[in-house]
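Asker: Data: coords_30.tsv, TSV, C-alpha atoms.
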chain	number	residue	atom	x	y	z
M	1	MET	CA	-185.85	3.34	-78.67
M	2	THR	CA	-189.44	4.45	-79.15
M	3	PRO	CA	-189.81	8.22	-79.49
M	4	ALA	CA	-191.79	9.89	-76.71
M	5	ARG	CA	-195.51	10.47	-77.21
M	6	ASP	CA	-196.08	13.70	-79.08
M	7	PRO	CA	-199.07	16.05	-79.47
M	8	LEU	CA	-199.60	15.23	-83.15
M	9	SER	CA	-199.80	11.50	-82.37
M	10	ASP	CA	-202.32	12.24	-79.61
M	11	THR	CA	-204.42	14.22	-82.08
M	12	PHE	CA	-204.37	11.47	-84.72
M	13	GLN	CA	-205.15	8.88	-82.03
M	14	ALA	CA	-208.14	10.93	-80.84
M	15	LEU	CA	-209.43	11.27	-84.41
M	16	ALA	CA	-209.09	7.51	-85.10
M	17	ASP	CA	-212.62	6.81	-83.89
M	18	PRO	CA	-215.92	7.50	-85.68
M	19	THR	CA	-217.79	8.36	-82.46
M	20	ARG	CA	-215.17	10.95	-81.50
M	21	ARG	CA	-215.29	12.45	-85.00
M	22	ALA	CA	-219.11	12.54	-84.75
M	23	ILE	CA	-218.79	14.41	-81.44
M	24	LEU	CA	-216.53	16.98	-83.14
M	25	ALA	CA	-219.03	17.30	-86.02
M	26	ARG	CA	-221.79	17.99	-83.47
M	27	LEU	CA	-219.62	20.58	-81.68
M	28	ALA	CA	-218.92	22.28	-85.01
M	29	GLU	CA	-222.59	23.33	-84.83
M	30	GLY	CA	-222.17	24.84	-81.37
M	31	LYS	CA	-221.49	24.17	-77.69
M	32	ALA	CA	-223.20	21.14	-76.15
M	33	SER	CA	-223.58	19.51	-72.75
M	34	VAL	CA	-222.44	15.90	-72.20
M	35	THR	CA	-226.13	14.84	-72.13
M	36	GLU	CA	-226.76	16.50	-75.50
M	37	LEU	CA	-223.62	14.90	-76.95
M	38	ALA	CA	-224.62	11.44	-75.68
M	39	GLU	CA	-228.16	11.60	-77.18
M	40	PRO	CA	-227.48	10.48	-80.80
M	41	PHE	CA	-225.27	7.57	-79.68
M	42	ASP	CA	-226.54	4.36	-78.17
M	43	MET	CA	-223.81	4.53	-75.52
M	44	SER	CA	-223.58	4.72	-71.74
M	45	GLY	CA	-222.65	7.97	-69.99
M	46	PRO	CA	-219.25	6.59	-68.92
M	47	ALA	CA	-218.47	5.46	-72.50
M	48	ILE	CA	-219.19	8.97	-73.83
M	49	SER	CA	-217.20	10.52	-70.95
M	50	LYS	CA	-214.23	8.36	-71.90
M	51	HIS	CA	-214.37	9.62	-75.50
M	52	LEU	CA	-214.64	13.22	-74.25
M	53	LYS	CA	-211.58	12.72	-72.05
M	54	VAL	CA	-209.55	11.49	-75.05
M	55	LEU	CA	-210.67	14.53	-77.07
M	56	GLU	CA	-209.95	16.89	-74.17
M	57	ARG	CA	-206.49	15.41	-73.56
M	58	ALA	CA	-205.69	15.94	-77.24
M	59	GLY	CA	-206.83	19.56	-76.89
M	60	LEU	CA	-209.63	19.07	-79.44
M	61	ILE	CA	-212.40	20.12	-77.05
M	62	GLU	CA	-212.67	22.47	-74.11
M	63	ARG	CA	-215.03	22.21	-71.13
M	64	GLY	CA	-216.80	25.31	-69.87
M	65	ARG	CA	-216.41	26.38	-66.25
M	66	GLU	CA	-220.17	26.80	-65.63
M	67	ALA	CA	-220.74	24.77	-62.42
M	68	GLN	CA	-223.46	22.32	-63.50
M	69	TRP	CA	-223.67	22.49	-67.26
M	70	ARG	CA	-219.98	22.53	-68.25
M	71	PRO	CA	-220.64	22.70	-72.00
M	72	CYS	CA	-218.10	21.24	-74.41
M	73	SER	CA	-216.81	23.30	-77.30
M	74	LEU	CA	-214.56	22.63	-80.25
M	75	ALA	CA	-210.90	23.68	-79.89
M	76	PRO	CA	-209.45	23.90	-83.40
M	77	ALA	CA	-205.70	24.41	-82.76
M	78	PRO	CA	-204.70	20.70	-83.02
M	79	LEU	CA	-206.69	20.41	-86.27
M	80	LYS	CA	-204.65	23.27	-87.70
M	81	ASP	CA	-201.49	21.33	-86.76
M	82	VAL	CA	-202.83	18.33	-88.69
M	83	ALA	CA	-203.57	20.58	-91.68
M	84	ASP	CA	-200.03	22.00	-91.55
M	85	TRP	CA	-198.56	18.49	-91.42
M	86	LEU	CA	-200.79	17.39	-94.28
M	87	ASP	CA	-199.76	20.32	-96.47
M	88	HIS	CA	-196.34	18.70	-97.02
M	89	TYR	CA	-198.10	15.88	-98.87
M	90	ARG	CA	-200.65	17.92	-100.80
M	91	ARG	CA	-198.51	17.91	-103.96
M	92	PHE	CA	-198.79	14.09	-104.07
M	93	TRP	CA	-202.54	13.85	-104.37
M	94	GLU	CA	-202.70	16.95	-106.55
M	95	ALA	CA	-200.06	15.33	-108.80
M	96	SER	CA	-202.16	12.13	-108.96
M	97	PHE	CA	-205.17	14.20	-109.92
M	98	ASP	CA	-203.17	16.06	-112.60
M	99	ARG	CA	-202.00	12.75	-114.05
M	100	LEU	CA	-205.60	11.50	-114.17
M	101	GLU	CA	-206.69	14.73	-115.84
M	102	THR	CA	-203.93	14.46	-118.48
M	103	TYR	CA	-204.89	10.84	-119.09
M	104	LEU	CA	-208.56	11.76	-119.57
M	105	GLU	CA	-207.65	14.63	-121.90
M	106	ASP	CA	-205.46	12.32	-124.00
M	107	LEU	CA	-208.29	9.78	-124.10
M	108	GLN	CA	-210.70	12.48	-125.23
M	109	LYS	CA	-208.31	13.60	-128.01
M	110	LYS	CA	-207.99	10.00	-129.25
M	111	GLU	CA	-211.76	9.53	-129.11
M	112	SER	CA	-212.42	12.74	-131.03
M	113	LYS	CA	-210.22	11.50	-133.92
M	114	HIS	CA	-212.68	8.69	-134.45
M	115	VAL	CA	-215.76	10.89	-134.25
M	116	ARG	CA	-216.93	12.55	-137.52
M	117	LYS	CA	-216.84	16.29	-136.99
M	118	PRO	CA	-219.62	18.47	-138.39
M	119	LYS	CA	-218.31	20.55	-141.30
M	120	PRO	CA	-217.70	24.19	-140.39
M	121	ARG	CA	-220.32	26.47	-141.92
M	122	GLY	CA	-219.51	29.83	-143.47
M	123	ARG	CA	-220.96	32.71	-141.51
M	124	LYS	CA	-222.45	35.83	-142.95
M	125	GLY	CA	-221.36	38.91	-141.01
X	1	MET	CA	-223.14	-0.49	-80.27
X	2	THR	CA	-219.68	0.43	-81.53
X	3	PRO	CA	-219.66	1.52	-85.17
X	4	ALA	CA	-217.71	-0.74	-87.53
X	5	ARG	CA	-214.09	0.13	-88.29
X	6	ASP	CA	-213.87	2.55	-91.18
X	7	PRO	CA	-211.08	3.60	-93.61
X	8	LEU	CA	-210.71	7.10	-92.14
X	9	SER	CA	-210.19	5.66	-88.64
X	10	ASP	CA	-207.57	3.27	-90.05
X	11	THR	CA	-205.77	6.22	-91.66
X	12	PHE	CA	-205.78	8.29	-88.45
X	13	GLN	CA	-204.65	5.23	-86.48
X	14	ALA	CA	-201.77	4.66	-88.90
X	15	LEU	CA	-200.72	8.32	-88.62
X	16	ALA	CA	-200.82	8.27	-84.80
X	17	ASP	CA	-197.18	7.21	-84.55
X	18	PRO	CA	-194.06	9.35	-85.09
X	19	THR	CA	-192.07	6.48	-86.67
X	20	ARG	CA	-194.80	5.83	-89.23
X	21	ARG	CA	-195.01	9.55	-90.03
X	22	ALA	CA	-191.19	9.61	-90.40
X	23	ILE	CA	-191.45	6.67	-92.84
X	24	LEU	CA	-194.00	8.65	-94.90
X	25	ALA	CA	-191.71	11.72	-94.81
X	26	ARG	CA	-188.86	9.55	-96.16
X	27	LEU	CA	-191.09	8.12	-98.90
X	28	ALA	CA	-192.13	11.65	-99.88
X	29	GLU	CA	-188.53	11.94	-101.18
X	30	GLY	CA	-188.87	8.81	-103.29
X	31	LYS	CA	-189.26	5.02	-103.29
X	32	ALA	CA	-187.23	3.08	-100.73
X	33	SER	CA	-186.53	-0.52	-99.78
X	34	VAL	CA	-187.36	-1.82	-96.31
X	35	THR	CA	-183.61	-1.82	-95.49
X	36	GLU	CA	-183.31	1.83	-96.52
X	37	LEU	CA	-186.39	2.73	-94.49
X	38	ALA	CA	-185.06	0.91	-91.41
X	39	GLU	CA	-181.66	2.68	-91.50
X	40	PRO	CA	-182.47	5.96	-89.67
X	41	PHE	CA	-184.37	4.14	-86.88
X	42	ASP	CA	-182.76	2.16	-84.14
X	43	MET	CA	-185.33	-0.60	-84.64
X	44	SER	CA	-185.35	-4.28	-85.51
X	45	GLY	CA	-186.42	-5.45	-88.98
X	46	PRO	CA	-189.63	-7.02	-87.61
X	47	ALA	CA	-190.54	-3.78	-85.78
X	48	ILE	CA	-190.18	-1.76	-89.00
X	49	SER	CA	-192.09	-4.43	-90.94
X	50	LYS	CA	-194.95	-4.13	-88.45
X	51	HIS	CA	-195.12	-0.36	-89.02
X	52	LEU	CA	-195.03	-0.90	-92.79
X	53	LYS	CA	-197.92	-3.36	-92.53
X	54	VAL	CA	-200.03	-0.80	-90.63
X	55	LEU	CA	-199.26	1.82	-93.30
X	56	GLU	CA	-199.97	-0.64	-96.13
X	57	ARG	CA	-203.29	-1.77	-94.57
X	58	ALA	CA	-204.34	1.89	-94.34
X	59	GLY	CA	-203.46	2.29	-98.03
X	60	LEU	CA	-200.80	4.90	-97.23
X	61	ILE	CA	-197.97	2.96	-98.88
X	62	GLU	CA	-197.68	0.54	-101.78
X	63	ARG	CA	-195.14	-2.24	-102.21
X	64	GLY	CA	-193.52	-2.79	-105.59
X	65	ARG	CA	-193.76	-6.17	-107.29
X	66	GLU	CA	-190.01	-6.42	-108.05
X	67	ALA	CA	-189.08	-9.90	-106.73
X	68	GLN	CA	-186.27	-9.08	-104.28
X	69	TRP	CA	-186.31	-5.36	-103.74
X	70	ARG	CA	-190.06	-4.67	-103.38
X	71	PRO	CA	-189.64	-0.90	-102.88
X	72	CYS	CA	-192.22	1.01	-100.84
X	73	SER	CA	-193.81	4.14	-102.23
X	74	LEU	CA	-196.19	6.73	-100.87
X	75	ALA	CA	-199.89	6.31	-101.74
X	76	PRO	CA	-201.57	9.68	-101.20
X	77	ALA	CA	-205.30	8.87	-101.59
X	78	PRO	CA	-206.03	8.36	-97.85
X	79	LEU	CA	-204.23	11.64	-97.06
X	80	LYS	CA	-206.55	13.42	-99.46
X	81	ASP	CA	-209.51	11.92	-97.56
X	82	VAL	CA	-208.07	13.34	-94.33
X	83	ALA	CA	-207.68	16.75	-96.01
X	84	ASP	CA	-211.30	16.62	-97.22
X	85	TRP	CA	-212.51	15.73	-93.70
X	86	LEU	CA	-210.36	18.49	-92.22
X	87	ASP	CA	-211.74	21.12	-94.60
X	88	HIS	CA	-215.06	21.10	-92.72
X	89	TYR	CA	-213.21	22.51	-89.70
X	90	ARG	CA	-210.94	24.98	-91.48
X	91	ARG	CA	-213.26	27.93	-90.73
X	92	PHE	CA	-212.71	27.34	-87.00
X	93	TRP	CA	-208.98	27.84	-86.91
X	94	GLU	CA	-209.17	30.58	-89.53
X	95	ALA	CA	-211.79	32.29	-87.33
X	96	SER	CA	-209.50	31.96	-84.28
X	97	PHE	CA	-206.69	33.51	-86.27
X	98	ASP	CA	-208.94	36.38	-87.40
X	99	ARG	CA	-209.96	37.01	-83.78
X	100	LEU	CA	-206.31	37.08	-82.71
X	101	GLU	CA	-205.51	39.48	-85.53
X	102	THR	CA	-208.39	41.82	-84.53
X	103	TYR	CA	-207.24	41.66	-80.91
X	104	LEU	CA	-203.68	42.57	-81.87
X	105	GLU	CA	-204.89	45.42	-84.07
X	106	ASP	CA	-207.05	46.77	-81.22
X	107	LEU	CA	-204.10	46.49	-78.86
X	108	GLN	CA	-201.91	48.36	-81.32
X	109	LYS	CA	-204.51	51.17	-81.63
X	110	LYS	CA	-204.72	51.49	-77.84
X	111	GLU	CA	-200.95	51.51	-77.54
X	112	SER	CA	-200.57	54.19	-80.18
X	113	LYS	CA	-202.89	56.50	-78.16
X	114	HIS	CA	-200.36	56.47	-75.33
X	115	VAL	CA	-197.41	57.09	-77.57
X	116	ARG	CA	-196.57	60.74	-78.23
X	117	LYS	CA	-197.00	61.29	-81.91
X	118	PRO	CA	-194.60	63.53	-83.75
X	119	LYS	CA	-196.37	66.77	-84.68
X	120	PRO	CA	-197.35	66.93	-88.31
X	121	ARG	CA	-195.14	69.31	-90.19
X	122	GLY	CA	-196.47	71.68	-92.78
X	123	ARG	CA	-195.28	70.79	-96.18
X	124	LYS	CA	-194.25	73.22	-98.77
X	125	GLY	CA	-195.54	72.17	-102.14
I'd like the structure from this file rewritten - as structure tokens, please.
Answerer:
Amino acid sequence: MTPARDPLSDTFQALADPTRRAILARLAEGKASVTELAEPFDMSGPAISKHLKVLERAGLIERGREAQWRPCSLAPAPLKDVADWLDHYRRFWEASFDRLETYLEDLQKKESKHVRKPKPRGRKG
Amino acid sequence: MTPARDPLSDTFQALADPTRRAILARLAEGKASVTELAEPFDMSGPAISKHLKVLERAGLIERGREAQWRPCSLAPAPLKDVADWLDHYRRFWEASFDRLETYLEDLQKKESKHVRKPKPRGRKG
């Protein structure tokens, strides 16, 4: 039995495309019309519209109600859900980083044993 | 021209499935064999293997080299990449939360105007 489609899967699915992530990056700078969003991509209007629909269905963008222009804007709530999900795994990559740091520190200690240290000089107060 | 497939898209694609996320959640508790991973799901061996392949291709899991057992373990590096990508958008949901907080504070102030306050009592020092 396959579990029913869930919002988090829709979000990840929507983010699994470089063009859609580029659209979000553009919207992070401010609202934009479909024409403005299409400009940097060598894509047809319908192709861009399809991407926008995927983003809108995942709740990652909102369309304005202004009759002609209908600007798109970023809707961050699903990204917060991803961040919350991700937080359960944070300890794993932080642990990997700690292990690397310990390894490098140990390496440095070993190295320093082989390096001749300058003799400490007496200081006159 | 569709941009070439990239690692971040592969990661998001791999995460866009509740079964695969459940497998990662199980592996967050420790290494597990394919049989152990398959147990909680009412799925065939080949179906689970397919999910594991998607996760492995995205670099989210590693398979041990032990001849028979070949335990799976969590590989957190791609999740860190997702977290780094997500950090560019953090200010958006934090801003939304701040706006909500300000709204609720304003609402509370307005409410308190309509509530009869107890008269301040003189205090004897």
Asker: Have a look at X:Gln13, X:Gln108, X:Thr102, X:Ser44 and name the one nearest to X:Arg57; count only C-alpha atoms.
Answerer: X:Gln13
Asker: Could the residues of chain X within 10 Å of chain M, counting only C-alpha atoms, be given as a PyMOL selection string, please?
Answerer: chain X and resi 1-19+21+24-25+28+41-43+74-83+85-97
Asker: Go through X:Ala32, X:Leu107, X:Lys113, X:Ser49 one by one, measure the shortest atom-to-atom distance of each to X:Gly64 using all atoms listed in the file, and give the residue with the smallest value.
Answerer: X:Ala32
Asker: At what distance in Å, to one decimal, does atom CA of X:Cys72 lie from atom CA of X:Glu29?
Answerer: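 Going from atom CA of X:Glu29 over to atom CA of X:Cys72, I get 11.5 Å.
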Asker: What's around M:Glu36 at 12 Å? Count all atoms listed in the file, leave out sequence neighbours fewer than 6 positions away in its own chain, and write the answer as a ChimeraX atom specification.
Answerer: /M:23,26-27,30,45,48,69-72
Asker: Rounded to one decimal, what separation in Å do you get between atom CA of X:Arg20 and atom CA of M:Lys53?
Answerer: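 Atom-to-atom, atom CA of X:Arg20 to atom CA of M:Lys53, that is 25.0 Å.
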Asker: Could you complete stretch 59-70 of chain M so that it carries all heavy atoms, and give it back as a PDB file, in the coordinates of the input?
Answerer:
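Output below, filename rebuild-v5.pdb:
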ATOM      1  N   GLY M  59    -206.610  18.127 -76.684  1.00  0.00           N
ATOM      2  CA  GLY M  59    -206.830  19.560 -76.890  1.00  0.00           C
ATOM      3  C   GLY M  59    -207.848  19.875 -77.967  1.00  0.00           C
ATOM      4  O   GLY M  59    -207.915  21.008 -78.445  1.00  0.00           O
ATOM      5  N   LEU M  60    -208.649  18.862 -78.351  1.00  0.00           N
ATOM      6  CA  LEU M  60    -209.630  19.070 -79.440  1.00  0.00           C
ATOM      7  C   LEU M  60    -210.951  19.626 -78.935  1.00  0.00           C
ATOM      8  O   LEU M  60    -211.756  20.131 -79.721  1.00  0.00           O
ATOM      9  CB  LEU M  60    -209.861  17.746 -80.177  1.00  0.00           C
ATOM     10  CG  LEU M  60    -208.731  17.325 -81.113  1.00  0.00           C
ATOM     11  CD1 LEU M  60    -208.795  15.836 -81.421  1.00  0.00           C
ATOM     12  CD2 LEU M  60    -208.776  18.137 -82.400  1.00  0.00           C
ATOM     13  N   ILE M  61    -211.206  19.496 -77.635  1.00  0.00           N
ATOM     14  CA  ILE M  61    -212.400  20.120 -77.050  1.00  0.00           C
ATOM     15  C   ILE M  61    -212.008  20.821 -75.751  1.00  0.00           C
ATOM     16  O   ILE M  61    -210.973  20.504 -75.142  1.00  0.00           O
ATOM     17  CB  ILE M  61    -213.554  19.127 -76.775  1.00  0.00           C
ATOM     18  CG1 ILE M  61    -213.161  18.092 -75.700  1.00  0.00           C
ATOM     19  CG2 ILE M  61    -214.012  18.427 -78.043  1.00  0.00           C
ATOM     20  CD1 ILE M  61    -214.354  17.309 -75.159  1.00  0.00           C
ATOM     21  N   GLU M  62    -212.844  21.775 -75.385  1.00  0.00           N
ATOM     22  CA  GLU M  62    -212.670  22.470 -74.110  1.00  0.00           C
ATOM     23  C   GLU M  62    -213.961  22.336 -73.318  1.00  0.00           C
ATOM     24  O   GLU M  62    -215.042  22.284 -73.899  1.00  0.00           O
ATOM     25  CB  GLU M  62    -212.383  23.956 -74.365  1.00  0.00           C
ATOM     26  CG  GLU M  62    -210.930  24.209 -74.708  1.00  0.00           C
ATOM     27  CD  GLU M  62    -210.692  25.584 -75.301  1.00  0.00           C
ATOM     28  OE1 GLU M  62    -211.675  26.340 -75.454  1.00  0.00           O
ATOM     29  OE2 GLU M  62    -209.542  25.882 -75.633  1.00  0.00           O
ATOM     30  N   ARG M  63    -213.845  22.282 -71.994  1.00  0.00           N
ATOM     31  CA  ARG M  63    -215.030  22.210 -71.130  1.00  0.00           C
ATOM     32  C   ARG M  63    -215.222  23.561 -70.470  1.00  0.00           C
ATOM     33  O   ARG M  63    -214.271  24.138 -69.947  1.00  0.00           O
ATOM     34  CB  ARG M  63    -214.840  21.137 -70.030  1.00  0.00           C
ATOM     35  CG  ARG M  63    -214.443  19.762 -70.544  1.00  0.00           C
ATOM     36  CD  ARG M  63    -215.579  19.094 -71.283  1.00  0.00           C
ATOM     37  NE  ARG M  63    -216.736  18.856 -70.446  1.00  0.00           N
ATOM     38  CZ  ARG M  63    -216.926  17.756 -69.714  1.00  0.00           C
ATOM     39  NH1 ARG M  63    -216.038  16.802 -69.705  1.00  0.00           N
ATOM     40  NH2 ARG M  63    -218.024  17.619 -68.990  1.00  0.00           N
ATOM     41  N   GLY M  64    -216.480  24.034 -70.514  1.00  0.00           N
ATOM     42  CA  GLY M  64    -216.800  25.310 -69.870  1.00  0.00           C
ATOM     43  C   GLY M  64    -216.653  25.212 -68.362  1.00  0.00           C
ATOM     44  O   GLY M  64    -216.564  24.107 -67.805  1.00  0.00           O
ATOM     45  N   ARG M  65    -216.597  26.365 -67.700  1.00  0.00           N
ATOM     46  CA  ARG M  65    -216.410  26.380 -66.250  1.00  0.00           C
ATOM     47  C   ARG M  65    -217.729  26.564 -65.499  1.00  0.00           C
ATOM     48  O   ARG M  65    -217.750  26.638 -64.274  1.00  0.00           O
ATOM     49  CB  ARG M  65    -215.406  27.466 -65.837  1.00  0.00           C
ATOM     50  CG  ARG M  65    -213.985  27.201 -66.307  1.00  0.00           C
ATOM     51  CD  ARG M  65    -213.241  26.198 -65.413  1.00  0.00           C
ATOM     52  NE  ARG M  65    -212.238  25.462 -66.189  1.00  0.00           N
ATOM     53  CZ  ARG M  65    -212.322  24.150 -66.413  1.00  0.00           C
ATOM     54  NH1 ARG M  65    -213.307  23.416 -65.926  1.00  0.00           N
ATOM     55  NH2 ARG M  65    -211.398  23.536 -67.118  1.00  0.00           N
ATOM     56  N   GLU M  66    -218.859  26.662 -66.258  1.00  0.00           N
ATOM     57  CA  GLU M  66    -220.170  26.800 -65.630  1.00  0.00           C
ATOM     58  C   GLU M  66    -220.446  25.578 -64.751  1.00  0.00           C
ATOM     59  O   GLU M  66    -220.471  24.452 -65.259  1.00  0.00           O
ATOM     60  CB  GLU M  66    -221.286  26.921 -66.687  1.00  0.00           C
ATOM     61  CG  GLU M  66    -221.264  28.216 -67.477  1.00  0.00           C
ATOM     62  CD  GLU M  66    -220.368  28.132 -68.718  1.00  0.00           C
ATOM     63  OE1 GLU M  66    -219.454  27.277 -68.754  1.00  0.00           O
ATOM     64  OE2 GLU M  66    -220.582  28.946 -69.624  1.00  0.00           O
ATOM     65  N   ALA M  67    -220.678  25.811 -63.457  1.00  0.00           N
ATOM     66  CA  ALA M  67    -220.740  24.770 -62.420  1.00  0.00           C
ATOM     67  C   ALA M  67    -221.441  23.471 -62.853  1.00  0.00           C
ATOM     68  O   ALA M  67    -220.818  22.410 -62.853  1.00  0.00           O
ATOM     69  CB  ALA M  67    -221.395  25.326 -61.163  1.00  0.00           C
ATOM     70  N   GLN M  68    -222.714  23.547 -63.214  1.00  0.00           N
ATOM     71  CA  GLN M  68    -223.460  22.320 -63.500  1.00  0.00           C
ATOM     72  C   GLN M  68    -223.336  21.874 -64.960  1.00  0.00           C
ATOM     73  O   GLN M  68    -223.088  20.715 -65.249  1.00  0.00           O
ATOM     74  CB  GLN M  68    -224.959  22.525 -63.170  1.00  0.00           C
ATOM     75  CG  GLN M  68    -225.239  22.613 -61.687  1.00  0.00           C
ATOM     76  CD  GLN M  68    -224.880  21.327 -60.939  1.00  0.00           C
ATOM     77  OE1 GLN M  68    -225.090  20.225 -61.427  1.00  0.00           O
ATOM     78  NE2 GLN M  68    -224.339  21.472 -59.743  1.00  0.00           N
ATOM     79  N   TRP M  69    -223.506  22.808 -65.852  1.00  0.00           N
ATOM     80  CA  TRP M  69    -223.670  22.490 -67.260  1.00  0.00           C
ATOM     81  C   TRP M  69    -222.368  22.042 -67.943  1.00  0.00           C
ATOM     82  O   TRP M  69    -222.338  21.084 -68.689  1.00  0.00           O
ATOM     83  CB  TRP M  69    -224.292  23.727 -67.945  1.00  0.00           C
ATOM     84  CG  TRP M  69    -224.810  23.470 -69.307  1.00  0.00           C
ATOM     85  CD1 TRP M  69    -225.565  22.408 -69.720  1.00  0.00           C
ATOM     86  CD2 TRP M  69    -224.591  24.269 -70.466  1.00  0.00           C
ATOM     87  NE1 TRP M  69    -225.850  22.506 -71.056  1.00  0.00           N
ATOM     88  CE2 TRP M  69    -225.261  23.644 -71.544  1.00  0.00           C
ATOM     89  CE3 TRP M  69    -223.916  25.466 -70.705  1.00  0.00           C
ATOM     90  CZ2 TRP M  69    -225.258  24.171 -72.831  1.00  0.00           C
ATOM     91  CZ3 TRP M  69    -223.930  25.986 -71.983  1.00  0.00           C
ATOM     92  CH2 TRP M  69    -224.591  25.342 -73.036  1.00  0.00           C
ATOM     93  N   ARG M  70    -221.299  22.780 -67.661  1.00  0.00           N
ATOM     94  CA  ARG M  70    -219.980  22.530 -68.250  1.00  0.00           C
ATOM     95  C   ARG M  70    -220.029  22.144 -69.740  1.00  0.00           C
ATOM     96  O   ARG M  70    -219.633  21.026 -70.111  1.00  0.00           O
ATOM     97  CB  ARG M  70    -219.235  21.437 -67.468  1.00  0.00           C
ATOM     98  CG  ARG M  70    -218.985  21.786 -66.003  1.00  0.00           C
ATOM     99  CD  ARG M  70    -217.836  21.010 -65.459  1.00  0.00           C
ATOM    100  NE  ARG M  70    -216.578  21.388 -66.119  1.00  0.00           N
ATOM    101  CZ  ARG M  70    -215.505  20.630 -66.193  1.00  0.00           C
ATOM    102  NH1 ARG M  70    -215.502  19.441 -65.665  1.00  0.00           N
ATOM    103  NH2 ARG M  70    -214.415  21.052 -66.803  1.00  0.00           N
TER     104      ARG M  70
END
